[in-house]
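Note sheet for the following structure.
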Amino acid sequence: MPSIIVASGNGASALPAGIRILARGGSALDAVEACAKIIEADPSDTSVGRGGKPNVLGVVELDASIMDGTTHRTGAVAALAGFLHPISVARAVMDRTPHVFLVGEGASRFAREIGATRTQNLTPSTRKLWVERLRKAGETPSSVRRRAKLLPVVRKTVKEERGTVNFLAVDRHGDVASAVTTSGWAYKYPGRVGDSPIIGAGNYSDSRYGAAACTGYGELAIRSVTAKTAVDRLASGMPIDVAARAAIEDANALEDAAFNIVVLSADGAHASATNRQGRRYVWMTATMSEPATALRAWVPQARRGSRSSRATVRAGSLR
Ligand code: GLY
């Protein structure tokens, strides 16, 4: 079985490390975790881990999940603050607890209990961006912290900024795994959780068929259970590129918001689709010296309320 890792475009720099794990016979699960950790520690990615954009109160709340496609064991954390590697805390939830998902203070408590590395994820540059966004909303760090009602502020601070990184892998034993990690929607309401830690929405793996993972407006992936639906479509025999495009059609039928998917089949084929033109994804196999990049298939949003938009809803519900 040829080993491969597929990722959202911002995962490219991590792929060589993941491929080294697979090339020496390591597991897909270890490879996707190792890749996710590299991006989490990179402060230049403002959508993930350290350097990720904070919530409206200036706290970087991180979401992450990981899934083993052979055993269907999963682990996830959400709204975790103050730790460098949410993906490894998610892995520990999977490996060391009888649970699959810990959130907020419970997730922090567990991270402390297992000795997870602590860090201040708000960097000087992301603090500056946060202060500037507050200024545009007529607020300051101290004024927003005093507010009894945050929703009116959040309506002004959130824009289309919901980066995430995801990794899907098949190892030489044919095991499939997926991992997703993110700081979520920039300047969000505290406690907002997106699709990334929700198994079936933000990612899903089944070693019999493949894996899928989403980036973009996580609320849409939750509403359509997008990653599981994509893997179900592979299981039904749908060609992988059609399954990727169908996921975007489902999202487009709900709202006009940026949305992307990567899909990997158990035999190593891959595809990706998006509703924003020019977006890329990346992959690497054990025989490649560097990651390859390709444009995601573009599935544009139909005009809201148009006949084709309504037809998409109907067609999507049949797939
Ligand atoms: N897809 C990442 C998020 O919505 O949080």
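All residue names refer to the structure tokens as shown: chains lettered A, B, ... in order, residues numbered from 1 in each chain, ligands numbered from 1 in order.
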
Env. residues ligand 1 / 9 Å / only C-alpha atoms and all ligand atoms / as an mmCIF file with N, CA, C and O atoms, in the first residue's frame:
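Printed below is selection-v3.cif as written:
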data_model
loop_
_atom_site.group_PDB
_atom_site.id
_atom_site.type_symbol
_atom_site.label_atom_id
_atom_site.label_comp_id
_atom_site.auth_asym_id
_atom_site.auth_seq_id
_atom_site.Cartn_x
_atom_site.Cartn_y
_atom_site.Cartn_z
ATOM 1 N N SER A 47 -4.208 30.874 12.013
ATOM 2 C CA SER A 47 -5.484 30.168 12.134
ATOM 3 C C SER A 47 -5.371 28.909 12.983
ATOM 4 O O SER A 47 -6.355 28.188 13.140
ATOM 5 N N LEU A 62 -8.631 26.935 21.375
ATOM 6 C CA LEU A 62 -8.242 25.987 20.325
ATOM 7 C C LEU A 62 -9.152 24.765 20.292
ATOM 8 O O LEU A 62 -9.564 24.252 21.337
ATOM 9 N N ASP A 63 -9.437 24.309 19.076
ATOM 10 C CA ASP A 63 -10.239 23.103 18.843
ATOM 11 C C ASP A 63 -9.386 22.104 18.050
ATOM 12 O O ASP A 63 -8.691 22.514 17.106
ATOM 13 N N GLU A 161 -13.008 34.790 8.520
ATOM 14 C CA GLU A 161 -11.654 34.380 8.919
ATOM 15 C C GLU A 161 -11.774 33.122 9.764
ATOM 16 O O GLU A 161 -11.954 33.212 10.981
ATOM 17 N N ARG A 162 -11.712 31.983 9.113
ATOM 18 C CA ARG A 162 -11.888 30.725 9.834
ATOM 19 C C ARG A 162 -10.906 29.699 9.311
ATOM 20 O O ARG A 162 -11.291 28.649 8.839
ATOM 21 N N GLY A 163 -9.630 30.016 9.356
ATOM 22 C CA GLY A 163 -8.616 29.072 8.885
ATOM 23 C C GLY A 163 -8.504 27.868 9.800
ATOM 24 O O GLY A 163 -8.939 27.907 10.952
ATOM 25 N N THR A 164 -7.916 26.829 9.272
ATOM 26 C CA THR A 164 -7.799 25.542 9.958
ATOM 27 C C THR A 164 -6.745 24.770 9.195
ATOM 28 O O THR A 164 -6.541 25.026 8.009
ATOM 29 N N VAL A 165 -6.103 23.803 9.831
ATOM 30 C CA VAL A 165 -5.274 22.891 9.038
ATOM 31 C C VAL A 165 -5.759 21.466 9.275
ATOM 32 O O VAL A 165 -6.180 21.130 10.388
ATOM 33 N N VAL A 180 -7.373 17.330 12.661
ATOM 34 C CA VAL A 180 -7.700 18.724 12.346
ATOM 35 C C VAL A 180 -7.408 19.570 13.587
ATOM 36 O O VAL A 180 -7.703 19.154 14.709
ATOM 37 N N THR A 181 -6.835 20.754 13.376
ATOM 38 C CA THR A 181 -6.568 21.640 14.508
ATOM 39 C C THR A 181 -6.748 23.082 14.069
ATOM 40 O O THR A 181 -6.436 23.438 12.928
ATOM 41 N N THR A 182 -7.259 23.916 14.974
ATOM 42 C CA THR A 182 -7.622 25.283 14.581
ATOM 43 C C THR A 182 -7.787 26.189 15.797
ATOM 44 O O THR A 182 -8.070 25.713 16.904
ATOM 45 N N SER A 183 -7.624 27.484 15.558
ATOM 46 C CA SER A 183 -8.028 28.465 16.576
ATOM 47 C C SER A 183 -9.454 28.951 16.303
ATOM 48 O O SER A 183 -9.962 29.832 16.986
ATOM 49 N N GLY A 184 -10.064 28.384 15.257
ATOM 50 C CA GLY A 184 -11.489 28.646 15.009
ATOM 51 C C GLY A 184 -11.730 29.997 14.360
ATOM 52 O O GLY A 184 -10.855 30.573 13.712
ATOM 53 N N TRP A 185 -12.901 30.488 14.538
ATOM 54 C CA TRP A 185 -13.350 31.721 13.882
ATOM 55 C C TRP A 185 -12.760 32.913 14.639
ATOM 56 O O TRP A 185 -13.010 33.076 15.839
ATOM 57 N N ALA A 186 -11.985 33.723 13.924
ATOM 58 C CA ALA A 186 -11.288 34.835 14.575
ATOM 59 C C ALA A 186 -12.274 35.791 15.233
ATOM 60 O O ALA A 186 -13.286 36.158 14.637
ATOM 61 N N ARG A 192 -17.377 29.561 21.419
ATOM 62 C CA ARG A 192 -17.823 29.077 20.097
ATOM 63 C C ARG A 192 -16.946 27.888 19.680
ATOM 64 O O ARG A 192 -15.729 27.931 19.733
ATOM 65 N N VAL A 193 -17.596 26.820 19.263
ATOM 66 C CA VAL A 193 -16.885 25.631 18.783
ATOM 67 C C VAL A 193 -17.300 25.387 17.339
ATOM 68 O O VAL A 193 -18.495 25.404 17.025
ATOM 69 N N GLY A 194 -16.333 25.173 16.479
ATOM 70 C CA GLY A 194 -16.630 24.901 15.076
ATOM 71 C C GLY A 194 -16.654 23.420 14.781
ATOM 72 O O GLY A 194 -16.877 22.583 15.667
ATOM 73 N N ASP A 195 -16.421 23.094 13.515
ATOM 74 C CA ASP A 195 -16.503 21.704 13.081
ATOM 75 C C ASP A 195 -15.256 20.891 13.408
ATOM 76 O O ASP A 195 -15.317 19.668 13.508
ATOM 77 N N SER A 196 -14.120 21.578 13.583
ATOM 78 C CA SER A 196 -12.840 20.856 13.637
ATOM 79 C C SER A 196 -12.778 19.770 14.713
ATOM 80 O O SER A 196 -12.210 18.703 14.465
ATOM 81 N N PRO A 197 -13.337 19.994 15.909
ATOM 82 C CA PRO A 197 -13.255 18.927 16.902
ATOM 83 C C PRO A 197 -14.438 17.961 16.838
ATOM 84 O O PRO A 197 -14.515 17.047 17.674
ATOM 85 N N GLY A 202 -16.040 17.927 10.970
ATOM 86 C CA GLY A 202 -14.767 18.475 10.505
ATOM 87 C C GLY A 202 -13.815 17.439 9.952
ATOM 88 O O GLY A 202 -12.953 17.756 9.132
ATOM 89 N N CYS A 214 -12.628 19.107 6.531
ATOM 90 C CA CYS A 214 -13.126 20.397 6.020
ATOM 91 C C CYS A 214 -12.328 21.560 6.586
ATOM 92 O O CYS A 214 -11.787 21.487 7.686
ATOM 93 N N THR A 215 -12.325 22.653 5.846
ATOM 94 C CA THR A 215 -11.888 23.949 6.352
ATOM 95 C C THR A 215 -12.930 24.969 5.899
ATOM 96 O O THR A 215 -13.721 24.708 4.992
ATOM 97 N N GLY A 216 -12.893 26.136 6.529
ATOM 98 C CA GLY A 216 -13.881 27.152 6.180
ATOM 99 C C GLY A 216 -14.947 27.261 7.260
ATOM 100 O O GLY A 216 -14.674 27.009 8.439
ATOM 101 N N TYR A 217 -16.129 27.618 6.867
ATOM 102 C CA TYR A 217 -17.216 27.943 7.805
ATOM 103 C C TYR A 217 -17.719 26.656 8.476
ATOM 104 O O TYR A 217 -18.552 25.934 7.934
ATOM 105 N N GLY A 218 -17.189 26.409 9.683
ATOM 106 C CA GLY A 218 -17.436 25.141 10.360
ATOM 107 C C GLY A 218 -18.886 24.862 10.658
ATOM 108 O O GLY A 218 -19.311 23.703 10.708
ATOM 109 N N GLU A 219 -19.669 25.913 10.850
ATOM 110 C CA GLU A 219 -21.092 25.709 11.136
ATOM 111 C C GLU A 219 -21.756 24.931 9.999
ATOM 112 O O GLU A 219 -22.671 24.133 10.235
ATOM 113 N N LEU A 220 -21.293 25.152 8.769
ATOM 114 C CA LEU A 220 -21.884 24.421 7.635
ATOM 115 C C LEU A 220 -21.525 22.941 7.686
ATOM 116 O O LEU A 220 -22.344 22.077 7.363
ATOM 117 N N ALA A 221 -20.278 22.639 8.071
ATOM 118 C CA ALA A 221 -19.870 21.230 8.166
ATOM 119 C C ALA A 221 -20.647 20.510 9.260
ATOM 120 O O ALA A 221 -20.967 19.322 9.134
ATOM 121 N N PHE A 259 -15.920 27.586 2.023
ATOM 122 C CA PHE A 259 -15.971 26.204 2.503
ATOM 123 C C PHE A 259 -15.116 25.330 1.585
ATOM 124 O O PHE A 259 -15.170 25.472 0.359
ATOM 125 N N ASN A 260 -14.342 24.436 2.197
ATOM 126 C CA ASN A 260 -13.401 23.608 1.434
ATOM 127 C C ASN A 260 -13.376 22.202 2.024
ATOM 128 O O ASN A 260 -13.587 22.020 3.223
#

List every residue of region 224-311 of chain A that DSSP, applied to the backbone, labels as strand (DSSP E), and write the result as a tab-separated table (two decimals) with all heavy atoms, in the first residue's frame.
chain	number	residue	atom	x	y	z
A	259	PHE	N	-15.92	27.59	2.02
A	259	PHE	CA	-15.97	26.20	2.50
A	259	PHE	C	-15.12	25.33	1.58
A	259	PHE	O	-15.17	25.47	0.36
A	259	PHE	CB	-17.43	25.72	2.50
A	259	PHE	CG	-17.62	24.47	3.32
A	259	PHE	CD1	-17.58	24.52	4.70
A	259	PHE	CD2	-17.83	23.25	2.71
A	259	PHE	CE1	-17.75	23.38	5.46
A	259	PHE	CE2	-18.01	22.10	3.47
A	259	PHE	CZ	-17.97	22.16	4.85
A	260	ASN	N	-14.34	24.44	2.20
A	260	ASN	CA	-13.40	23.61	1.43
A	260	ASN	C	-13.38	22.20	2.02
A	260	ASN	O	-13.59	22.02	3.22
A	260	ASN	CB	-11.98	24.16	1.55
A	260	ASN	CG	-11.94	25.68	1.56
A	260	ASN	OD1	-12.13	26.30	0.53
A	260	ASN	ND2	-11.74	26.28	2.73
A	261	ILE	N	-13.05	21.23	1.16
A	261	ILE	CA	-12.92	19.86	1.65
A	261	ILE	C	-11.75	19.17	0.97
A	261	ILE	O	-11.44	19.47	-0.21
A	261	ILE	CB	-14.23	19.05	1.43
A	261	ILE	CG1	-14.18	17.71	2.17
A	261	ILE	CG2	-14.53	18.86	-0.06
A	261	ILE	CD1	-15.52	17.02	2.30
A	262	VAL	N	-11.05	18.30	1.69
A	262	VAL	CA	-10.11	17.36	1.08
A	262	VAL	C	-10.63	15.96	1.35
A	262	VAL	O	-11.17	15.69	2.43
A	262	VAL	CB	-8.67	17.50	1.62
A	262	VAL	CG1	-7.98	18.73	1.07
A	262	VAL	CG2	-8.62	17.49	3.13
A	263	VAL	N	-10.48	15.09	0.35
A	263	VAL	CA	-10.96	13.71	0.48
A	263	VAL	C	-9.83	12.78	0.03
A	263	VAL	O	-9.16	13.06	-0.98
A	263	VAL	CB	-12.22	13.47	-0.38
A	263	VAL	CG1	-12.82	12.10	-0.08
A	263	VAL	CG2	-13.27	14.56	-0.15
A	264	LEU	N	-9.63	11.72	0.78
A	264	LEU	CA	-8.59	10.72	0.46
A	264	LEU	C	-9.25	9.36	0.48
A	264	LEU	O	-9.95	9.03	1.44
A	264	LEU	CB	-7.49	10.78	1.53
A	264	LEU	CG	-6.39	9.73	1.50
A	264	LEU	CD1	-5.52	9.87	0.25
A	264	LEU	CD2	-5.51	9.85	2.76
A	265	SER	N	-9.03	8.57	-0.58
A	265	SER	CA	-9.63	7.23	-0.55
A	265	SER	C	-8.63	6.23	0.02
A	265	SER	O	-7.42	6.49	0.06
A	265	SER	CB	-10.09	6.80	-1.95
A	265	SER	OG	-8.97	6.61	-2.77
A	270	HIS	N	-6.92	11.04	-4.23
A	270	HIS	CA	-7.35	12.19	-3.45
A	270	HIS	C	-8.01	13.23	-4.36
A	270	HIS	O	-7.80	13.24	-5.58
A	270	HIS	CB	-6.18	12.82	-2.70
A	270	HIS	CG	-4.98	13.09	-3.55
A	270	HIS	ND1	-4.79	14.25	-4.24
A	270	HIS	CD2	-3.92	12.29	-3.83
A	270	HIS	CE1	-3.66	14.18	-4.91
A	270	HIS	NE2	-3.10	13.00	-4.68
A	271	ALA	N	-8.82	14.08	-3.73
A	271	ALA	CA	-9.51	15.15	-4.45
A	271	ALA	C	-9.84	16.24	-3.45
A	271	ALA	O	-9.85	16.01	-2.24
A	271	ALA	CB	-10.80	14.63	-5.10
A	272	SER	N	-10.11	17.42	-3.98
A	272	SER	CA	-10.46	18.53	-3.10
A	272	SER	C	-11.38	19.47	-3.87
A	272	SER	O	-11.30	19.58	-5.09
A	272	SER	CB	-9.19	19.27	-2.67
A	272	SER	OG	-9.54	20.38	-1.89
A	273	ALA	N	-12.25	20.15	-3.14
A	273	ALA	CA	-13.15	21.11	-3.77
A	273	ALA	C	-13.36	22.29	-2.83
A	273	ALA	O	-13.13	22.20	-1.61
A	273	ALA	CB	-14.47	20.45	-4.13
A	274	THR	N	-13.80	23.40	-3.40
A	274	THR	CA	-13.98	24.64	-2.65
A	274	THR	C	-15.05	25.49	-3.34
A	274	THR	O	-15.33	25.29	-4.52
A	274	THR	CB	-12.66	25.44	-2.63
A	274	THR	OG1	-12.86	26.67	-1.93
A	274	THR	CG2	-12.16	25.78	-4.04
A	280	ARG	N	-5.94	26.12	-2.71
A	280	ARG	CA	-5.09	24.98	-3.03
A	280	ARG	C	-5.10	23.93	-1.92
A	280	ARG	O	-5.47	24.24	-0.79
A	280	ARG	CB	-3.64	25.46	-3.22
A	280	ARG	CG	-3.50	26.33	-4.45
A	280	ARG	CD	-2.11	26.90	-4.62
A	280	ARG	NE	-2.10	27.68	-5.85
A	280	ARG	CZ	-1.86	27.16	-7.06
A	280	ARG	NH1	-1.55	25.88	-7.18
A	280	ARG	NH2	-1.92	27.91	-8.14
A	281	TYR	N	-4.70	22.73	-2.27
A	281	TYR	CA	-4.43	21.70	-1.27
A	281	TYR	C	-3.12	21.03	-1.64
A	281	TYR	O	-2.57	21.31	-2.72
A	281	TYR	CB	-5.59	20.71	-1.17
A	281	TYR	CG	-5.68	19.65	-2.24
A	281	TYR	CD1	-5.44	18.32	-1.94
A	281	TYR	CD2	-6.01	19.96	-3.56
A	281	TYR	CE1	-5.55	17.32	-2.91
A	281	TYR	CE2	-6.11	18.98	-4.53
A	281	TYR	CZ	-5.88	17.66	-4.20
A	281	TYR	OH	-5.97	16.69	-5.16
A	282	VAL	N	-2.60	20.22	-0.74
A	282	VAL	CA	-1.27	19.65	-0.94
A	282	VAL	C	-1.27	18.16	-0.59
A	282	VAL	O	-2.15	17.69	0.15
A	282	VAL	CB	-0.22	20.37	-0.06
A	282	VAL	CG1	-0.01	21.80	-0.54
A	282	VAL	CG2	-0.61	20.37	1.41
A	283	TRP	N	-0.29	17.45	-1.11
A	283	TRP	CA	-0.13	16.04	-0.75
A	283	TRP	C	1.32	15.63	-0.93
A	283	TRP	O	2.09	16.32	-1.62
A	283	TRP	CB	-1.05	15.13	-1.57
A	283	TRP	CG	-0.64	14.98	-3.00
A	283	TRP	CD1	0.17	14.02	-3.53
A	283	TRP	CD2	-1.02	15.83	-4.09
A	283	TRP	NE1	0.31	14.22	-4.89
A	283	TRP	CE2	-0.41	15.32	-5.25
A	283	TRP	CE3	-1.83	16.97	-4.19
A	283	TRP	CZ2	-0.58	15.92	-6.49
A	283	TRP	CZ3	-1.99	17.56	-5.43
A	283	TRP	CH2	-1.37	17.03	-6.56
A	284	MET	N	1.66	14.52	-0.33
A	284	MET	CA	3.02	13.99	-0.47
A	284	MET	C	2.98	12.49	-0.26
A	284	MET	O	2.24	11.99	0.60
A	284	MET	CB	3.94	14.65	0.57
A	284	MET	CG	5.40	14.35	0.34
A	284	MET	SD	6.44	15.43	1.36
A	284	MET	CE	8.04	14.78	0.92
A	285	THR	N	3.77	11.77	-1.08
A	285	THR	CA	3.92	10.32	-0.90
A	285	THR	C	5.36	10.04	-0.52
A	285	THR	O	6.23	10.91	-0.61
A	285	THR	CB	3.59	9.55	-2.19
A	285	THR	OG1	4.61	9.87	-3.16
A	285	THR	CG2	2.22	9.91	-2.74
A	292	ALA	N	3.46	18.19	-3.25
A	292	ALA	CA	2.86	18.71	-4.48
A	292	ALA	C	1.65	19.54	-4.10
A	292	ALA	O	1.03	19.33	-3.05
A	292	ALA	CB	2.43	17.56	-5.37
A	293	THR	N	1.35	20.52	-4.96
A	293	THR	CA	0.20	21.37	-4.68
A	293	THR	C	-0.70	21.41	-5.90
A	293	THR	O	-0.22	21.30	-7.03
A	293	THR	CB	0.68	22.79	-4.28
A	293	THR	OG1	-0.43	23.61	-4.03
A	293	THR	CG2	1.54	23.43	-5.33
A	294	ALA	N	-1.99	21.55	-5.68
A	294	ALA	CA	-2.94	21.63	-6.81
A	294	ALA	C	-4.10	22.52	-6.41
A	294	ALA	O	-4.41	22.68	-5.22
A	294	ALA	CB	-3.45	20.25	-7.16
A	295	LEU	N	-4.72	23.11	-7.42
A	295	LEU	CA	-5.93	23.90	-7.17
A	295	LEU	C	-7.06	22.96	-6.75
A	295	LEU	O	-7.21	21.87	-7.30
A	295	LEU	CB	-6.35	24.63	-8.44
A	295	LEU	CG	-5.64	25.93	-8.78
A	295	LEU	CD1	-6.14	26.45	-10.12
A	295	LEU	CD2	-5.83	26.98	-7.68
A	297	ALA	N	-10.91	21.89	-6.86
A	297	ALA	CA	-11.98	22.09	-7.85
A	297	ALA	C	-12.93	23.18	-7.33
A	297	ALA	O	-13.34	23.14	-6.17
A	297	ALA	CB	-12.74	20.79	-8.05
A	298	TRP	N	-13.26	24.10	-8.18
A	298	TRP	CA	-14.08	25.24	-7.77
A	298	TRP	C	-15.55	24.95	-8.07
A	298	TRP	O	-15.92	24.65	-9.21
A	298	TRP	CB	-13.63	26.50	-8.51
A	298	TRP	CG	-14.40	27.74	-8.15
A	298	TRP	CD1	-14.85	28.10	-6.92
A	298	TRP	CD2	-14.79	28.77	-9.06
A	298	TRP	NE1	-15.50	29.31	-6.98
A	298	TRP	CE2	-15.48	29.74	-8.29
A	298	TRP	CE3	-14.62	28.98	-10.42
A	298	TRP	CZ2	-16.01	30.89	-8.86
A	298	TRP	CZ3	-15.14	30.13	-10.98
A	298	TRP	CH2	-15.82	31.07	-10.20

Do you know which residues are at most 12 Å from Val231 (chain A) counting only C-alpha atoms, after dropping those on the same chain fewer than 5 positions away, and could you put them as an MDAnalysis selection string? chainID A and resid 69 176 200:213 225:226 236:240 242:244 246:247 261:266

Looking at A:Leu84, A:Ala302, A:Ala12, A:Val32, which one is nearest to Arg118 (chain A), with distances taken over only C-alpha atoms?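 The answer is A:Leu84, which sits nearest to Arg118 (chain A).
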
Report the distance between CA of Leu29 (chain A) and CA of Ile5 (chain A) in Å, rounded to one decimal place.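 It comes out at 10.8 Å.
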